[in-house]
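The block underneath contains the structure these notes are about, expressed in C-alpha cells.
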Amino acid sequence: MKLRSIELALSGAAQAAAFLTEVWGMAPAAIVGNIHYLRGSGSFPYLVALQESAEPYVRSTTFVCSAERLTQLKRSVTEAGLPARPVTSDDPGGGHGIEVELAEGELLRFLTDAGEVAPIDGADLPVKLTHVVFNSIDAEATGLLAEKALGFRVSDRTKGMVFVRCNDSHHSTAFARAGFASLNHIAFEMADMDAVMRGIGRLRDQDMAPAWGPGRHGPGANVFAYFIAPFGPVIEFSTAVEKVTDDYQPGAPDDWTWPEGRIDQWGMSDKDFSGLRAAEDKFRHRRDWETGSLDALTEENH
Ligand SMILES: [Fe+2]
C-alpha cells in the first residue's frame with residue numbers, strides 16, 4: 001500500500017498549479033478539462049490534482065495497492081459499514097478500486113492496476129507525497145477506524161496527533177486532535193535535506209517564510225518546513241521519515257514530550273500557530289458521489 005496523490009477542488013486551479021510548478025518545484029503532468037495534474041520526480045503519474053471549483057474542498061486522497069489488498073479492503077470497509085463505492089479512475093494512470101468515506105468525512109480512494117511512468121531527473125522536484133494529514137474531531141477514534149476498516153496501523157500517539165502507517169514508512173497519514181474535520185497539510189518527500197533547504201530558499205525568493213521550520217519532528221524523525229500556500233492549504237517539504245518494522249511499539253503521548261520551549265528536535269524556528277490554524281480550516285471534505293455496493297462477499301466467493 002502506498003500513498004500516491006491528493007485530489008483538490010479550488011477556485012484558481014491554474015494559478016495554484018503555476019505556484020506549485022514555478023516556485024514549489026513540481027513538474028506539470030497533464031491538463032484534462034479543468035483539472036491540472038502535477039507530478040514529482042518519481043514514478044507516480046501525478047501527485048496533486050487541482051480541479052477548478054467555486055469552493056475549496058478535498059475530493060480524495062489516493063492510495064495504490066495490490067489486487068489482493070483491494071479485496072481485503074472491500075471486505076473490511078463493508079464490515080465496518082462505511083459509505084463507499086466502486087470506482088474506475090479517469091486520472092492519469094487509470095486503475096480501478098474503491099472510494100471510502102471515513103467517519104468524519106475523510107475521502108480515501110484505493111486503486112489497483114494504476115499505471116506508473118518513467119521517473120524524471122530534477123534535484124529540486126519532490127519525489128512523491130510522504131504524508132497527508134487530516135484534522136479530526138476525534139483523532140483517537142479515527143486512528144482506530146483506520147486500523148479496523150483499512151488495515152492501517154497506528155505508529156505513535158502524541159498530545160497533538162495520531163500517526164498512522166500503511167507500509168514501512170512511519171506514517172503516510174495522521175489525524176490531528178483539532179476539534180474539527182479538514183485537511184491539515186500535504187507533505188512532499190524531497191530527495192534529501194539539501195533539497196528541503198533549497199526549497200526554503202526558493203520560497204524566500206518569493207518573500208515567503210516558513211510558517212514552521214526548518215526542524216526535525218519527534219515521531220517519524222522527519223525533517224520539515226511548512227508553508228501556507230498562496231492557494232490556501234498548508235504544504236510541507238519533508239525528508240527522511242523513519243522506516244519502521246511490523247513489531248514497532250506505538251508510543252503514547254507521555255513518550256513524546258519536549259523540554260520547556262521546544263516542539264521539535266532542533267528548536268531553531270518559530271511556529272505561526274494562528275496562521276497555520278486558519279489555513280488548516282480552508283479545505284474541508286466533501287463527498288460528491290453516491291454510495292454503492294462493493295460486492296465484497298461476491299468477489300470473495302469467486
Ligand atoms: Fe507533516
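Starting from 1 in every chain, residues are counted up; chains themselves are A, B, ... following the order of the C-alpha cells, and ligands are numbered from 1 as listed.
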Query raised in the report: Mind checking DSSP for range 87-229 of chain A and telling me the strand (DSSP E) residues as a ChimeraX atom specification?
Result: /A:87-88,96-101,107-112,128-136,153-157,161-165,173-177,182-189,212-216,223-228
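If one restricts the calculation to only C-alpha atoms and all ligand atoms, the set of residues situated within 7 Å of ligand 1 consists of His131, Val133, His185, Ile186, Ala187, Phe224 and Glu236 of chain A.
Every protein, DNA or RNA residue with an atom at most 8 Å from Ile137 in chain A, where only C-alpha atoms count and chain neighbours fewer than 5 positions away do not, is listed here: A:Glu104, A:Arg177, A:Ala178, A:Gly179, A:Phe180, A:Ala181.
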Query raised in the report: Per DSSP on the backbone, what are the alpha helix (DSSP H) residues of range 67-281 of chain A, as a ChimeraX atom specification?
Result: /A:67-80,139-150,193-205,273-280
Query raised in the report: Got a sec: who's within 9 Å of Val234 in chain A, counting only C-alpha atoms, leaving out chain neighbours fewer than 5 positions off, as a VMD selection string?
Result: chain A and resid 183 to 187 211 226 to 229 276 279 to 280
Closest-contact table, range 107-200 of chain A side, partner range 76-80 of chain A, 9 Å, counting only C-alpha atoms, as a tab-separated table:
residue	atom	partner	partner_atom	distance
A:Leu145	CA	A:Ala80	CA	8.3
A:Lys148	CA	A:Ser76	CA	7.2
A:Ala149	CA	A:Val77	CA	5.0
A:Leu150	CA	A:Ser76	CA	6.6
A:Gly151	CA	A:Ser76	CA	7.9
Pull all heavy atoms from the residues just selected and write them as a PDB file, in the first residue's frame.
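The result, written out as out_7.pdb:
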ATOM      1  N   LEU A 145     -10.353   3.512  13.654  1.00  0.00           N
ATOM      2  CA  LEU A 145     -11.160   3.160  12.483  1.00  0.00           C
ATOM      3  C   LEU A 145     -10.249   2.824  11.295  1.00  0.00           C
ATOM      4  O   LEU A 145     -10.521   1.871  10.539  1.00  0.00           O
ATOM      5  CB  LEU A 145     -12.098   4.317  12.125  1.00  0.00           C
ATOM      6  CG  LEU A 145     -13.008   4.097  10.916  1.00  0.00           C
ATOM      7  CD1 LEU A 145     -13.988   2.948  11.165  1.00  0.00           C
ATOM      8  CD2 LEU A 145     -13.774   5.378  10.574  1.00  0.00           C
ATOM      9  N   LYS A 148      -9.065  -0.681  11.822  1.00  0.00           N
ATOM     10  CA  LYS A 148     -10.098  -1.710  11.663  1.00  0.00           C
ATOM     11  C   LYS A 148     -10.612  -1.798  10.225  1.00  0.00           C
ATOM     12  O   LYS A 148     -10.712  -2.885   9.650  1.00  0.00           O
ATOM     13  CB  LYS A 148     -11.260  -1.375  12.618  1.00  0.00           C
ATOM     14  CG  LYS A 148     -12.382  -2.386  12.630  1.00  0.00           C
ATOM     15  CD  LYS A 148     -13.432  -1.986  13.662  1.00  0.00           C
ATOM     16  CE  LYS A 148     -14.797  -2.097  13.016  1.00  0.00           C
ATOM     17  NZ  LYS A 148     -15.835  -1.268  13.550  1.00  0.00           N
ATOM     18  N   ALA A 149     -10.925  -0.662   9.649  1.00  0.00           N
ATOM     19  CA  ALA A 149     -11.600  -0.666   8.346  1.00  0.00           C
ATOM     20  C   ALA A 149     -10.627  -0.697   7.177  1.00  0.00           C
ATOM     21  O   ALA A 149     -10.977  -1.135   6.088  1.00  0.00           O
ATOM     22  CB  ALA A 149     -12.501   0.561   8.229  1.00  0.00           C
ATOM     23  N   LEU A 150      -9.387  -0.228   7.398  1.00  0.00           N
ATOM     24  CA  LEU A 150      -8.440  -0.125   6.289  1.00  0.00           C
ATOM     25  C   LEU A 150      -7.219  -1.025   6.462  1.00  0.00           C
ATOM     26  O   LEU A 150      -6.409  -1.159   5.545  1.00  0.00           O
ATOM     27  CB  LEU A 150      -7.959   1.332   6.135  1.00  0.00           C
ATOM     28  CG  LEU A 150      -9.051   2.405   6.045  1.00  0.00           C
ATOM     29  CD1 LEU A 150      -8.431   3.783   6.001  1.00  0.00           C
ATOM     30  CD2 LEU A 150      -9.950   2.165   4.830  1.00  0.00           C
ATOM     31  N   GLY A 151      -7.047  -1.584   7.645  1.00  0.00           N
ATOM     32  CA  GLY A 151      -5.852  -2.401   7.895  1.00  0.00           C
ATOM     33  C   GLY A 151      -4.598  -1.560   8.069  1.00  0.00           C
ATOM     34  O   GLY A 151      -3.482  -2.064   7.973  1.00  0.00           O
TER      35      GLY A 151
END
